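Before any comments, here is the structure.
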Amino acid sequence: PETYAAQMMEAIGVALRQARGVVVVVSPAETRAQAAYLDALLPPLRRRLETTPDLRFVNLAPEPALMDPLQRLDGWNYGGDAVAAAAGAITPAMLELIARSGRRPAVAR
């Protein structure tokens with residue numbers, strides 16, 4: 001889990017250097033391993049969120065449709081109402097970053 005968290009934080013750092021904003025989204029933890037990865041990721045991610053205005057975090061765990069096996073296309077990928085639930089949870093973070101990027105001062109080149 002610690003290696004996963006370190007690699008995720010590195011990937012987030014790379015993304016932030018290349019984009020105006022980054023949204024990190026995690027699906028519900030369905031196994032002990034996934035829960036351990038999330039537990040390892042949350043502390044450094046929360047620290048980074050406190051100091052990085054262009055970073056957002058969305059945890060999809062509260063979305064019940066994502067835990068419904070009937071909403072899986074192939075046993076893993078979401079379909080139907082689960083896609084709509086995930087999009088609905090992610091959209092506010094995206095819109096917030098888009099609005100924020102519109103307020104940035106222009107950089108002279």
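The way I read the labels, and the way they are meant: chains A, B, ... in the order of the structure tokens, residue 1 as the first residue of every chain, and ligand 1 as the first ligand shown, with later ones counted on from there.
Residues within 9 Å of A:Leu60, counting only C-alpha atoms and excluding same-chain residues fewer than 2 positions away, are Val25, Val26, Ser27, Pro28, Val58, Pro62, Glu63, Pro64, Leu66, Ala85, Ala86, Ala89 and Ile90 of chain A.
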Take the residues from that selection and put them in a file with N, CA and C atoms, as a PDB file, in the first residue's frame.
ATOM      1  N   VAL A  25     -10.096  10.487  -8.584  1.00  0.00           N
ATOM      2  CA  VAL A  25     -11.351   9.793  -8.285  1.00  0.00           C
ATOM      3  C   VAL A  25     -11.025   8.360  -7.899  1.00  0.00           C
ATOM      4  N   VAL A  26     -11.600   7.918  -6.802  1.00  0.00           N
ATOM      5  CA  VAL A  26     -11.427   6.515  -6.408  1.00  0.00           C
ATOM      6  C   VAL A  26     -12.789   5.843  -6.364  1.00  0.00           C
ATOM      7  N   SER A  27     -12.832   4.632  -6.870  1.00  0.00           N
ATOM      8  CA  SER A  27     -14.058   3.844  -6.811  1.00  0.00           C
ATOM      9  C   SER A  27     -14.174   3.237  -5.414  1.00  0.00           C
ATOM     10  N   PRO A  28     -15.335   2.708  -5.079  1.00  0.00           N
ATOM     11  CA  PRO A  28     -15.489   2.089  -3.761  1.00  0.00           C
ATOM     12  C   PRO A  28     -14.504   0.934  -3.579  1.00  0.00           C
ATOM     13  N   VAL A  58     -12.451  12.988  -5.306  1.00  0.00           N
ATOM     14  CA  VAL A  58     -13.822  12.456  -5.278  1.00  0.00           C
ATOM     15  C   VAL A  58     -13.740  10.981  -4.910  1.00  0.00           C
ATOM     16  N   PRO A  62     -19.758   6.551  -1.561  1.00  0.00           N
ATOM     17  CA  PRO A  62     -21.155   6.766  -1.153  1.00  0.00           C
ATOM     18  C   PRO A  62     -22.200   6.494  -2.242  1.00  0.00           C
ATOM     19  N   GLU A  63     -21.781   6.174  -3.446  1.00  0.00           N
ATOM     20  CA  GLU A  63     -22.725   5.953  -4.544  1.00  0.00           C
ATOM     21  C   GLU A  63     -23.201   4.502  -4.555  1.00  0.00           C
ATOM     22  N   PRO A  64     -24.432   4.219  -4.098  1.00  0.00           N
ATOM     23  CA  PRO A  64     -24.892   2.831  -3.996  1.00  0.00           C
ATOM     24  C   PRO A  64     -24.928   2.086  -5.323  1.00  0.00           C
ATOM     25  N   LEU A  66     -22.828   1.971  -7.530  1.00  0.00           N
ATOM     26  CA  LEU A  66     -21.514   1.427  -7.878  1.00  0.00           C
ATOM     27  C   LEU A  66     -21.230   0.093  -7.179  1.00  0.00           C
ATOM     28  N   ALA A  85     -24.248   7.783 -12.003  1.00  0.00           N
ATOM     29  CA  ALA A  85     -23.939   8.113 -10.607  1.00  0.00           C
ATOM     30  C   ALA A  85     -22.504   8.600 -10.473  1.00  0.00           C
ATOM     31  N   ALA A  86     -21.587   7.915 -11.132  1.00  0.00           N
ATOM     32  CA  ALA A  86     -20.183   8.333 -11.073  1.00  0.00           C
ATOM     33  C   ALA A  86     -20.018   9.709 -11.704  1.00  0.00           C
ATOM     34  N   ALA A  89     -21.243  12.446  -9.459  1.00  0.00           N
ATOM     35  CA  ALA A  89     -20.364  12.719  -8.321  1.00  0.00           C
ATOM     36  C   ALA A  89     -19.106  13.475  -8.745  1.00  0.00           C
ATOM     37  N   ILE A  90     -18.622  13.216  -9.934  1.00  0.00           N
ATOM     38  CA  ILE A  90     -17.381  13.827 -10.416  1.00  0.00           C
ATOM     39  C   ILE A  90     -17.612  15.226 -10.983  1.00  0.00           C
TER      40      ILE A  90
END
Excluding A:Gly79 and its own-chain neighbours fewer than 5 positions away, which residues fall within 12 Å of it when counting only C-alpha atoms? Please give them as a short mmCIF file (atom, residue, chain, number, x, y, z; two decimals) with N, CA, C and O atoms, in the first residue's frame.
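The new file around_11.cif reads:
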data_model
loop_
_atom_site.label_atom_id
_atom_site.label_comp_id
_atom_site.auth_asym_id
_atom_site.auth_seq_id
_atom_site.Cartn_x
_atom_site.Cartn_y
_atom_site.Cartn_z
N ALA A 65 -25.19 2.77 -6.41
CA ALA A 65 -25.25 2.09 -7.71
C ALA A 65 -23.92 1.44 -8.07
O ALA A 65 -23.89 0.45 -8.81
N LEU A 66 -22.83 1.97 -7.53
CA LEU A 66 -21.51 1.43 -7.88
C LEU A 66 -21.23 0.09 -7.18
O LEU A 66 -20.30 -0.61 -7.56
N MET A 67 -22.02 -0.23 -6.19
CA MET A 67 -21.84 -1.52 -5.50
C MET A 67 -22.82 -2.58 -6.00
O MET A 67 -22.77 -3.71 -5.58
N ASP A 68 -23.70 -2.20 -6.91
CA ASP A 68 -24.71 -3.12 -7.42
C ASP A 68 -24.11 -3.96 -8.55
O ASP A 68 -23.75 -3.42 -9.60
N PRO A 69 -23.98 -5.28 -8.36
CA PRO A 69 -23.39 -6.13 -9.41
C PRO A 69 -24.16 -6.07 -10.74
O PRO A 69 -23.58 -6.29 -11.79
N LEU A 70 -25.42 -5.72 -10.68
CA LEU A 70 -26.21 -5.62 -11.92
C LEU A 70 -25.82 -4.39 -12.75
O LEU A 70 -26.21 -4.30 -13.91
N GLN A 71 -25.06 -3.49 -12.16
CA GLN A 71 -24.61 -2.29 -12.87
C GLN A 71 -23.22 -2.48 -13.49
O GLN A 71 -22.63 -1.53 -13.97
N ARG A 72 -22.74 -3.70 -13.49
CA ARG A 72 -21.44 -4.00 -14.08
C ARG A 72 -21.64 -4.63 -15.45
O ARG A 72 -22.43 -5.56 -15.61
N LEU A 73 -20.92 -4.13 -16.42
CA LEU A 73 -21.04 -4.67 -17.78
C LEU A 73 -20.40 -6.04 -17.90
O LEU A 73 -20.89 -6.92 -18.60
N ASP A 74 -19.27 -6.20 -17.23
CA ASP A 74 -18.47 -7.41 -17.40
C ASP A 74 -17.92 -7.93 -16.07
O ASP A 74 -16.92 -8.61 -16.05
N ALA A 84 -23.92 7.01 -14.68
CA ALA A 84 -24.57 8.28 -14.37
C ALA A 84 -24.26 8.71 -12.95
O ALA A 84 -24.01 9.90 -12.69
N ALA A 85 -24.25 7.78 -12.00
CA ALA A 85 -23.94 8.11 -10.61
C ALA A 85 -22.50 8.60 -10.47
O ALA A 85 -22.23 9.59 -9.78
N ALA A 86 -21.59 7.91 -11.13
CA ALA A 86 -20.18 8.33 -11.07
C ALA A 86 -20.02 9.71 -11.70
O ALA A 86 -19.36 10.59 -11.14
N ALA A 87 -20.61 9.91 -12.85
CA ALA A 87 -20.50 11.21 -13.52
C ALA A 87 -21.11 12.32 -12.66
O ALA A 87 -20.54 13.42 -12.56
#
remark   = From atom CA of A:Met9 to atom CA of A:Gly102 the spacing works out at 25.8 Å
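For the pair atom CA of A:Pro53 and atom CA of A:Ala82, the separation is 28.6 Å.
All residues of protein, DNA or RNA that reach within 7 Å of A:Gly21, judged by only C-alpha atoms and not counting those fewer than 4 positions away in the chain, are A:Leu16, A:Asp54, A:Leu55, A:Leu97.
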request  = Mind the document's chain letters and residue numbers, and return as a ChimeraX atom specification the residues of chain A that DSSP labels helix (DSSP H, G or I).
outcome  = /A:2-18,32-51,64-67,69-71,80-101
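Running DSSP on the backbone gives strand (DSSP E or B) for these residues within chain A: A:Val22, A:Val23, A:Val24, A:Val25, A:Val26, A:Leu55, A:Arg56, A:Phe57, A:Val58, A:Asn59, A:Arg72, A:Tyr78.
If you measure from each of A:Val23, A:Gly75, A:Arg17, A:Asp39 to A:Ala93 using only C-alpha atoms, the closest one turns out to be A:Val23.
Interatomic distance, atom CA of A:Asp81 to atom CA of A:Met94: 19.7 Å.
If only C-alpha atoms are the atoms counted, then among A:Tyr78, A:Val22, A:Leu38, A:Arg47 the closest residue to A:Arg100 is A:Val22.
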Excluding same-chain residues fewer than 3 positions from A:Pro1, what lies within 7 Å of it counting only C-alpha atoms, as a PDB file with N, CA, C and O atoms, in the first residue's frame?
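Final output, saved to selection-v4.pdb:
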ATOM      1  N   TYR A   4       2.046   1.930  -3.508  1.00  0.00           N
ATOM      2  CA  TYR A   4       0.923   2.427  -4.296  1.00  0.00           C
ATOM      3  C   TYR A   4       0.691   3.904  -4.021  1.00  0.00           C
ATOM      4  O   TYR A   4       0.548   4.712  -4.944  1.00  0.00           O
ATOM      5  N   ALA A   5       0.628   4.274  -2.741  1.00  0.00           N
ATOM      6  CA  ALA A   5       0.369   5.666  -2.369  1.00  0.00           C
ATOM      7  C   ALA A   5       1.469   6.580  -2.909  1.00  0.00           C
ATOM      8  O   ALA A   5       1.173   7.650  -3.460  1.00  0.00           O
ATOM      9  N   ALA A  36      -6.823  -1.078   1.900  1.00  0.00           N
ATOM     10  CA  ALA A  36      -5.492  -0.767   2.401  1.00  0.00           C
ATOM     11  C   ALA A  36      -4.805   0.270   1.513  1.00  0.00           C
ATOM     12  O   ALA A  36      -4.132   1.180   2.012  1.00  0.00           O
ATOM     13  N   TYR A  37      -4.975   0.144   0.202  1.00  0.00           N
ATOM     14  CA  TYR A  37      -4.406   1.134  -0.716  1.00  0.00           C
ATOM     15  C   TYR A  37      -5.010   2.511  -0.458  1.00  0.00           C
ATOM     16  O   TYR A  37      -4.292   3.519  -0.411  1.00  0.00           O
ATOM     17  N   ALA A  40      -3.703   4.050   2.724  1.00  0.00           N
ATOM     18  CA  ALA A  40      -2.336   4.560   2.572  1.00  0.00           C
ATOM     19  C   ALA A  40      -2.311   5.853   1.760  1.00  0.00           C
ATOM     20  O   ALA A  40      -1.475   6.728   1.996  1.00  0.00           O
TER      21      ALA A  40
END
